[in-house]
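Chemist: Next comes start_4.cif, mmCIF, C-alpha atoms:
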data_model
#
loop_
_atom_site.label_atom_id
_atom_site.label_comp_id
_atom_site.auth_asym_id
_atom_site.auth_seq_id
_atom_site.Cartn_x
_atom_site.Cartn_y
_atom_site.Cartn_z
CA MET A 13 -54.70 -44.76 -1.12
CA GLY A 14 -57.82 -46.92 -1.47
CA ARG A 15 -56.40 -49.27 -4.11
CA LYS A 16 -56.89 -52.93 -3.27
CA PRO A 17 -53.69 -54.99 -3.15
CA PRO A 18 -53.33 -57.51 -6.03
CA ILE A 19 -53.06 -60.41 -3.60
CA THR A 20 -56.04 -62.54 -2.66
CA ASN A 21 -56.15 -65.03 0.18
CA ARG A 22 -58.04 -67.93 1.71
CA VAL A 23 -57.58 -66.84 5.31
CA ARG A 24 -61.27 -66.75 6.11
CA GLU A 25 -61.85 -70.18 4.56
CA LEU A 26 -58.87 -71.71 6.41
CA ARG A 27 -59.92 -70.08 9.67
CA GLU A 28 -63.39 -71.56 9.37
CA GLN A 29 -61.92 -74.99 8.54
CA HIS A 30 -59.83 -74.85 11.72
CA GLY A 31 -62.62 -75.19 14.23
CA ALA A 32 -64.19 -71.87 13.32
CA MET A 33 -61.26 -70.00 14.82
CA THR A 34 -62.27 -66.42 15.61
CA GLN A 35 -60.64 -63.42 13.98
CA ALA A 36 -59.46 -62.29 17.40
CA ALA A 37 -57.85 -65.69 18.10
CA LEU A 38 -56.06 -65.61 14.74
CA GLY A 39 -54.92 -62.06 15.43
CA ASP A 40 -53.55 -63.07 18.84
CA ALA A 41 -51.79 -66.07 17.31
CA ILE A 42 -49.95 -64.06 14.66
CA GLY A 43 -49.50 -60.82 16.61
CA VAL A 44 -51.92 -58.45 14.90
CA THR A 45 -55.23 -56.89 15.91
CA ARG A 46 -58.63 -58.32 15.01
CA GLN A 47 -59.17 -55.31 12.72
CA THR A 48 -56.03 -56.20 10.77
CA VAL A 49 -57.25 -59.79 10.34
CA ILE A 50 -60.54 -58.38 9.02
CA ALA A 51 -58.62 -56.11 6.61
CA ILE A 52 -56.56 -59.10 5.39
CA GLU A 53 -59.67 -61.22 4.84
CA GLN A 54 -61.36 -58.42 2.92
CA ASN A 55 -58.24 -57.92 0.76
CA ARG A 56 -57.82 -54.38 2.07
CA TYR A 57 -54.34 -55.14 3.40
CA SER A 58 -51.52 -57.43 2.31
CA PRO A 59 -49.73 -58.70 5.42
CA SER A 60 -45.97 -58.59 5.82
CA LEU A 61 -44.02 -61.67 4.73
CA GLU A 62 -43.51 -62.58 8.39
CA SER A 63 -47.23 -62.46 9.16
CA ALA A 64 -48.02 -64.35 5.97
CA PHE A 65 -45.66 -67.15 7.04
CA ARG A 66 -47.15 -67.12 10.55
CA ILE A 67 -50.65 -67.57 9.07
CA ALA A 68 -49.55 -70.37 6.75
CA ARG A 69 -47.65 -72.19 9.51
CA LEU A 70 -50.59 -71.81 11.90
CA PHE A 71 -52.88 -73.55 9.41
CA GLY A 72 -50.18 -76.09 8.46
CA VAL A 73 -50.18 -75.19 4.77
CA GLY A 74 -47.79 -73.57 2.32
CA LEU A 75 -47.67 -69.86 1.69
CA GLU A 76 -49.17 -70.23 -1.78
CA ASP A 77 -52.02 -72.28 -0.40
CA VAL A 78 -53.06 -69.19 1.54
CA PHE A 79 -52.07 -66.30 -0.71
CA SER A 80 -52.19 -65.95 -4.46
CA TRP A 81 -51.44 -63.20 -6.95
CA ASP A 82 -54.62 -61.94 -8.56
CA GLU A 83 -53.80 -61.26 -12.25
CA MET B 7 -63.56 -50.26 15.30
CA SER B 8 -60.07 -50.62 16.76
CA PHE B 9 -58.93 -48.82 19.90
CA ARG B 10 -56.59 -46.58 17.94
CA GLU B 11 -59.27 -45.64 15.41
CA LYS B 12 -61.50 -44.64 18.31
CA SER B 13 -58.55 -42.69 19.69
CA ALA B 14 -58.19 -40.88 16.34
CA TRP B 15 -61.90 -39.96 16.44
CA ILE B 16 -61.50 -38.57 19.98
CA MET B 17 -58.45 -36.52 19.07
CA SER B 18 -60.17 -35.21 15.93
CA ALA B 19 -63.18 -34.14 18.01
CA ALA B 20 -60.91 -32.56 20.63
CA LEU B 21 -59.00 -30.59 17.99
CA ILE B 22 -62.21 -29.43 16.29
CA VAL B 23 -63.89 -28.36 19.55
CA GLY B 24 -60.68 -26.76 20.87
CA GLY B 25 -60.11 -25.02 17.55
CA LEU B 26 -63.64 -23.62 17.55
CA ILE B 27 -63.25 -22.42 21.15
CA TYR B 28 -60.01 -20.68 20.25
CA PHE B 29 -60.67 -19.31 16.78
CA LEU B 30 -64.38 -18.34 16.90
CA PRO B 31 -63.83 -15.43 19.35
CA VAL B 32 -60.80 -14.34 17.29
CA LEU B 33 -62.83 -14.35 14.06
CA SER B 34 -65.83 -12.61 15.63
CA GLY B 35 -63.51 -9.96 17.12
CA TRP B 36 -61.85 -9.48 13.77
CA THR B 37 -65.07 -9.19 11.77
CA GLY B 38 -66.77 -7.10 14.48
CA SER B 39 -64.15 -4.40 14.95
CA GLY B 40 -62.12 -4.87 11.79
CA GLN B 41 -59.06 -5.17 14.04
CA LEU B 42 -57.36 -8.52 14.62
CA PRO B 43 -57.27 -9.13 18.39
CA SER B 44 -53.86 -9.90 19.87
CA PRO B 45 -53.27 -13.50 20.98
CA LEU B 46 -54.13 -13.82 24.66
CA MET B 47 -52.90 -16.37 27.17
CA PRO B 48 -56.38 -17.12 28.65
CA GLN B 49 -57.61 -18.23 25.19
CA LEU B 50 -54.62 -20.54 24.84
CA VAL B 51 -55.20 -21.93 28.33
CA ALA B 52 -58.90 -22.55 27.51
CA TYR B 53 -57.88 -24.28 24.29
CA THR B 54 -55.32 -26.47 26.06
CA VAL B 55 -57.66 -27.38 28.93
CA CYS B 56 -60.43 -28.28 26.47
CA LEU B 57 -58.12 -30.40 24.33
CA VAL B 58 -56.56 -32.23 27.26
CA THR B 59 -59.90 -32.79 29.01
CA ILE B 60 -61.58 -34.29 25.93
CA ALA B 61 -58.51 -36.43 25.21
CA ILE B 62 -58.20 -37.77 28.76
CA VAL B 63 -61.91 -38.40 29.36
CA GLY B 64 -62.35 -39.93 25.90
CA HIS B 65 -59.40 -42.27 26.33
CA ILE B 66 -60.51 -43.30 29.83
CA VAL B 67 -63.91 -44.25 28.39
CA ILE B 68 -62.59 -46.25 25.43
CA THR B 69 -59.97 -47.94 27.62
CA ALA B 70 -62.64 -48.95 30.14
CA LEU B 71 -64.73 -50.39 27.30
CA ALA B 72 -61.86 -52.44 25.83
CA PRO B 73 -58.90 -52.66 28.23
CA LYS B 74 -57.26 -55.54 26.36
CA GLU B 75 -57.22 -53.64 23.06
CA ALA B 76 -55.83 -50.57 24.80
CA ASP B 77 -52.87 -52.59 26.08
CA ALA B 78 -52.13 -54.27 22.76
CA PRO B 79 -49.01 -53.04 20.96
CA VAL B 80 -49.31 -51.26 17.61
CA ASP B 81 -49.36 -53.89 14.86
CA GLU B 82 -47.80 -53.78 11.37
CA ARG B 83 -50.87 -52.35 9.61
CA GLU B 84 -51.33 -49.66 12.24
CA LYS B 85 -47.66 -48.67 11.93
CA LEU B 86 -48.18 -48.29 8.19
CA ILE B 87 -51.34 -46.25 8.76
CA PHE B 88 -49.58 -43.92 11.23
CA ASP B 89 -46.56 -43.51 8.92
CA ARG B 90 -48.72 -42.61 5.91
CA ALA B 91 -51.01 -40.29 7.85
CA GLY B 92 -47.97 -38.54 9.37
CA HIS B 93 -46.36 -38.25 5.94
CA TYR B 94 -49.38 -36.65 4.25
CA SER B 95 -50.18 -34.38 7.20
CA SER B 96 -46.63 -33.02 7.05
CA TYR B 97 -47.62 -31.46 3.70
CA VAL B 98 -50.46 -29.63 5.46
CA LEU B 99 -48.00 -28.24 7.98
CA ALA B 100 -45.52 -27.30 5.25
CA ALA B 101 -48.26 -25.52 3.29
CA GLY B 102 -49.28 -23.70 6.49
CA VAL B 103 -45.69 -22.58 7.09
CA LEU B 104 -45.46 -21.22 3.54
CA VAL B 105 -48.77 -19.39 3.93
CA SER B 106 -47.55 -18.00 7.28
CA LEU B 107 -44.33 -16.73 5.73
CA GLY B 108 -46.20 -15.18 2.81
CA THR B 109 -48.74 -13.62 5.15
CA TYR B 110 -46.03 -12.01 7.24
CA LEU B 111 -44.10 -10.79 4.20
CA LEU B 112 -47.24 -9.12 2.85
CA SER B 113 -48.74 -7.81 6.09
CA ALA B 114 -45.83 -7.57 8.57
CA ASN B 115 -48.47 -8.37 11.20
CA GLY B 116 -47.06 -10.51 14.03
CA ASP B 117 -50.50 -11.28 15.46
CA LEU B 118 -51.70 -12.62 12.11
CA LEU B 119 -48.49 -14.65 11.81
CA PHE B 120 -49.21 -16.23 15.22
CA TYR B 121 -52.76 -17.16 14.26
CA VAL B 122 -51.81 -18.62 10.88
CA VAL B 123 -48.97 -20.69 12.38
CA PHE B 124 -51.23 -21.91 15.17
CA ALA B 125 -54.04 -22.74 12.73
CA SER B 126 -51.54 -24.63 10.55
CA LEU B 127 -50.41 -26.67 13.53
CA VAL B 128 -54.01 -27.54 14.47
CA ALA B 129 -54.90 -28.29 10.83
CA SER B 130 -51.92 -30.62 10.33
CA HIS B 131 -52.74 -32.55 13.51
CA LEU B 132 -56.38 -32.76 12.51
CA ALA B 133 -55.38 -33.95 9.03
CA GLU B 134 -53.18 -36.63 10.60
CA TYR B 135 -56.01 -38.05 12.72
CA LEU B 136 -58.59 -37.82 9.92
CA LEU B 137 -56.21 -39.58 7.52
CA GLN B 138 -55.68 -42.33 10.09
CA ILE B 139 -59.45 -42.85 10.15
CA VAL B 140 -59.60 -42.92 6.34
CA PHE B 141 -56.72 -45.42 6.12
CA TYR B 142 -58.28 -47.63 8.81
CA ARG B 143 -61.41 -47.85 6.64
CA THR B 144 -59.75 -48.28 3.26
CA SER B 145 -56.81 -50.20 1.82
CA VAL B 146 -53.26 -49.38 2.88
#
Could you take the file, read its structure, and then write that structure out as structure tokens?
Modeler:
Amino acid sequence: MGRKPPITNRVRELREQHGAMTQAALGDAIGVTRQTVIAIEQNRYSPSLESAFRIARLFGVGLEDVFSWDE
Amino acid sequence: MSFREKSAWIMSAALIVGGLIYFLPVLSGWTGSGQLPSPLMPQLVAYTVCLVTIAIVGHIVITALAPKEADAPVDEREKLIFDRAGHYSSYVLAAGVLVSLGTYLLSANGDLLFYVVFASLVASHLAEYLLQIVFYRTSV
């Protein structure tokens, strides 16, 4: 409880590069709530593999271009 | 704040208010006369009406404020939050059951057994909603 996941991401950066897509729009596109998108961007939640792929495919990049393991 | 976090706040408030309405007269009767009052149906009805009223009115209000969020299905993070909160709150209920059994073994008082079991049930539900709020605000 309370421990941050060891995975960082560029979701916020990619979202802003894609026409300043809103968190709600991204949430609708991948099937999660806006609050979950916020939690992902703040590294408070690591999304499921399915959602991670949905995010990467939405932005047209590879999975490792979005998520990386924080040593 | 998500719809379901607001819902958890409402249910927490309902359980706290209902619990106070139910248990305060019991405690004051107990400390006043030294005799534990027997569980009465009107108190249970008052508790239930209070709980249901707060829950219904609260959910009508938050649904009216964000109807789209209210209709949205539970997502993967929320499922995880509910699973974890339910898991940890089950320990509260289990502890309450053990305390209830011990209380009855030591006192052989059926009225006290009723109150401790009922308090355990309320406490475990309250713990579940409060843990949901904590998990919504921290990492899961």
Chemist: Considering all atoms listed in the file, give me a table of residues in chain B that are at most 9 Å from chain A, with the closest atom pair and distance in Å for each, as CSV.
Modeler:
residue,atom,partner,partner_atom,distance
B:Met7,CA,A:Gln47,CA,7.2
B:Ser8,CA,A:Gln47,CA,6.3
B:Glu75,CA,A:Thr45,CA,8.1
B:Ala78,CA,A:Thr45,CA,8.0
B:Pro79,CA,A:Val44,CA,8.6
B:Val80,CA,A:Val44,CA,8.1
B:Asp81,CA,A:Val44,CA,5.2
B:Glu82,CA,A:Val44,CA,7.2
B:Arg83,CA,A:Thr48,CA,6.5
B:Glu84,CA,A:Thr48,CA,8.2
B:Val140,CA,A:Gly14,CA,9.0
B:Phe141,CA,A:Met13,CA,7.5
B:Tyr142,CA,A:Gln47,CA,8.7
B:Arg143,CA,A:Ala51,CA,8.7
B:Thr144,CA,A:Gly14,CA,5.3
B:Ser145,CA,A:Arg56,CA,4.3
B:Val146,CA,A:Tyr57,CA,5.9
Chemist: Grab the residues selected above and save them as a PDB file, in the coordinates of the input with C-alpha atoms.
Modeler:
ATOM      1  CA  MET B   7     -63.560 -50.260  15.300  1.00  0.00           C
ATOM      2  CA  SER B   8     -60.070 -50.620  16.760  1.00  0.00           C
ATOM      3  CA  GLU B  75     -57.220 -53.640  23.060  1.00  0.00           C
ATOM      4  CA  ALA B  78     -52.130 -54.270  22.760  1.00  0.00           C
ATOM      5  CA  PRO B  79     -49.010 -53.040  20.960  1.00  0.00           C
ATOM      6  CA  VAL B  80     -49.310 -51.260  17.610  1.00  0.00           C
ATOM      7  CA  ASP B  81     -49.360 -53.890  14.860  1.00  0.00           C
ATOM      8  CA  GLU B  82     -47.800 -53.780  11.370  1.00  0.00           C
ATOM      9  CA  ARG B  83     -50.870 -52.350   9.610  1.00  0.00           C
ATOM     10  CA  GLU B  84     -51.330 -49.660  12.240  1.00  0.00           C
ATOM     11  CA  VAL B 140     -59.600 -42.920   6.340  1.00  0.00           C
ATOM     12  CA  PHE B 141     -56.720 -45.420   6.120  1.00  0.00           C
ATOM     13  CA  TYR B 142     -58.280 -47.630   8.810  1.00  0.00           C
ATOM     14  CA  ARG B 143     -61.410 -47.850   6.640  1.00  0.00           C
ATOM     15  CA  THR B 144     -59.750 -48.280   3.260  1.00  0.00           C
ATOM     16  CA  SER B 145     -56.810 -50.200   1.820  1.00  0.00           C
ATOM     17  CA  VAL B 146     -53.260 -49.380   2.880  1.00  0.00           C
TER      18      VAL B 146
END
Chemist: Taking into account only C-alpha atoms, which residue in the set B:Leu137, B:Leu118, B:Val128, B:Ala101 is nearest to B:Gly25?
Modeler: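 Between B:Leu137, B:Leu118, B:Val128, B:Ala101, the residue approaching B:Gly25 most closely is B:Val128.
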Chemist: At a cut-off of 7 Å around the point (-54.4, -62.1, -5.5) (file coordinates), what residues fall inside when counting all atoms listed in the file? I'd like the answer as a short mmCIF file (atom, residue, chain, number, x, y, z; two decimals) with C-alpha atoms, keeping the file's coordinate frame.
Modeler:
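Dumped to part-v9.cif:
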data_model
loop_
_atom_site.label_atom_id
_atom_site.label_comp_id
_atom_site.auth_asym_id
_atom_site.auth_seq_id
_atom_site.Cartn_x
_atom_site.Cartn_y
_atom_site.Cartn_z
CA PRO A 18 -53.33 -57.51 -6.03
CA ILE A 19 -53.06 -60.41 -3.60
CA THR A 20 -56.04 -62.54 -2.66
CA ASN A 21 -56.15 -65.03 0.18
CA PHE A 79 -52.07 -66.30 -0.71
CA SER A 80 -52.19 -65.95 -4.46
CA TRP A 81 -51.44 -63.20 -6.95
CA ASP A 82 -54.62 -61.94 -8.56
CA GLU A 83 -53.80 -61.26 -12.25
#
Chemist: Please, what distance in Å, to one decimal, runs between atom CA of A:Ala41 and atom CA of A:Ile67?
Modeler: 8.5 Å
Chemist: Mind pulling up the distance from atom CA of B:Leu57 to atom CA of B:Gly108?
Modeler: 28.9 Å
Chemist: Please, what distance in Å, to one decimal, runs between atom CA of A:Val78 and atom CA of A:Arg22?
Modeler: 5.1 Å
Chemist: So which residues touch B:Tyr121 within 9 Å, counting only C-alpha atoms, skipping near sequence neighbours fewer than 5 positions away, as an NGL selection string?
Modeler: :B and (29 or 45 or 106 or 116 or 126)
Chemist: Which residues, named as in the file, does the PyMOL selection byres ((chain B and resi 49-52) around 12) pick out? Answer as a list of chain:residue names.
Modeler: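 Selected by the PyMOL selection byres ((chain B and resi 49-52) around 12) here: B:Val23, B:Gly24, B:Gly25, B:Leu26, B:Ile27, B:Tyr28, B:Phe29, B:Leu30, B:Pro31, B:Val32, B:Pro43, B:Ser44, B:Pro45, B:Leu46, B:Met47, B:Pro48, B:Tyr53, B:Thr54, B:Val55, B:Cys56, B:Leu57, B:Val58, B:Thr59, B:Phe120, B:Tyr121, B:Phe124.
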Chemist: For C-alpha atoms, I'd like the residues from the last selection saved as a compact mmCIF listing (two decimals), in the coordinates of the input.
Modeler:
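This went into again-v3.txt:
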# COMPACT_ATOMS: atom_id res chain seq x y z
CA VAL B 23 -63.89 -28.36 19.55
CA GLY B 24 -60.68 -26.76 20.87
CA GLY B 25 -60.11 -25.02 17.55
CA LEU B 26 -63.64 -23.62 17.55
CA ILE B 27 -63.25 -22.42 21.15
CA TYR B 28 -60.01 -20.68 20.25
CA PHE B 29 -60.67 -19.31 16.78
CA LEU B 30 -64.38 -18.34 16.90
CA PRO B 31 -63.83 -15.43 19.35
CA VAL B 32 -60.80 -14.34 17.29
CA PRO B 43 -57.27 -9.13 18.39
CA SER B 44 -53.86 -9.90 19.87
CA PRO B 45 -53.27 -13.50 20.98
CA LEU B 46 -54.13 -13.82 24.66
CA MET B 47 -52.90 -16.37 27.17
CA PRO B 48 -56.38 -17.12 28.65
CA TYR B 53 -57.88 -24.28 24.29
CA THR B 54 -55.32 -26.47 26.06
CA VAL B 55 -57.66 -27.38 28.93
CA CYS B 56 -60.43 -28.28 26.47
CA LEU B 57 -58.12 -30.40 24.33
CA VAL B 58 -56.56 -32.23 27.26
CA THR B 59 -59.90 -32.79 29.01
CA PHE B 120 -49.21 -16.23 15.22
CA TYR B 121 -52.76 -17.16 14.26
CA PHE B 124 -51.23 -21.91 15.17
Chemist: Give as JSON, numbers by chain the residues that the PyMOL selection byres ((chain B and resi 88) around 9) matches when applied to the coordinates above.
Modeler: {"B": [83, 84, 85, 86, 87, 89, 90, 91, 92, 93, 134, 135, 137, 138, 141]}
Chemist: Mind writing the picked residues with C-alpha atoms as a PDB file, in the frame of the given file?
Modeler:
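And here is the file that came out, result-v3.pdb:
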ATOM      1  CA  ARG B  83     -50.870 -52.350   9.610  1.00  0.00           C
ATOM      2  CA  GLU B  84     -51.330 -49.660  12.240  1.00  0.00           C
ATOM      3  CA  LYS B  85     -47.660 -48.670  11.930  1.00  0.00           C
ATOM      4  CA  LEU B  86     -48.180 -48.290   8.190  1.00  0.00           C
ATOM      5  CA  ILE B  87     -51.340 -46.250   8.760  1.00  0.00           C
ATOM      6  CA  ASP B  89     -46.560 -43.510   8.920  1.00  0.00           C
ATOM      7  CA  ARG B  90     -48.720 -42.610   5.910  1.00  0.00           C
ATOM      8  CA  ALA B  91     -51.010 -40.290   7.850  1.00  0.00           C
ATOM      9  CA  GLY B  92     -47.970 -38.540   9.370  1.00  0.00           C
ATOM     10  CA  HIS B  93     -46.360 -38.250   5.940  1.00  0.00           C
ATOM     11  CA  GLU B 134     -53.180 -36.630  10.600  1.00  0.00           C
ATOM     12  CA  TYR B 135     -56.010 -38.050  12.720  1.00  0.00           C
ATOM     13  CA  LEU B 137     -56.210 -39.580   7.520  1.00  0.00           C
ATOM     14  CA  GLN B 138     -55.680 -42.330  10.090  1.00  0.00           C
ATOM     15  CA  PHE B 141     -56.720 -45.420   6.120  1.00  0.00           C
TER      16      PHE B 141
END
Chemist: From the options B:Tyr94, B:Trp36, B:Ile16, B:Phe9, which residue's atoms come nearest to B:Leu71, counting all atoms listed in the file?
Modeler: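 Result for the nearest residue to B:Leu71: B:Phe9.
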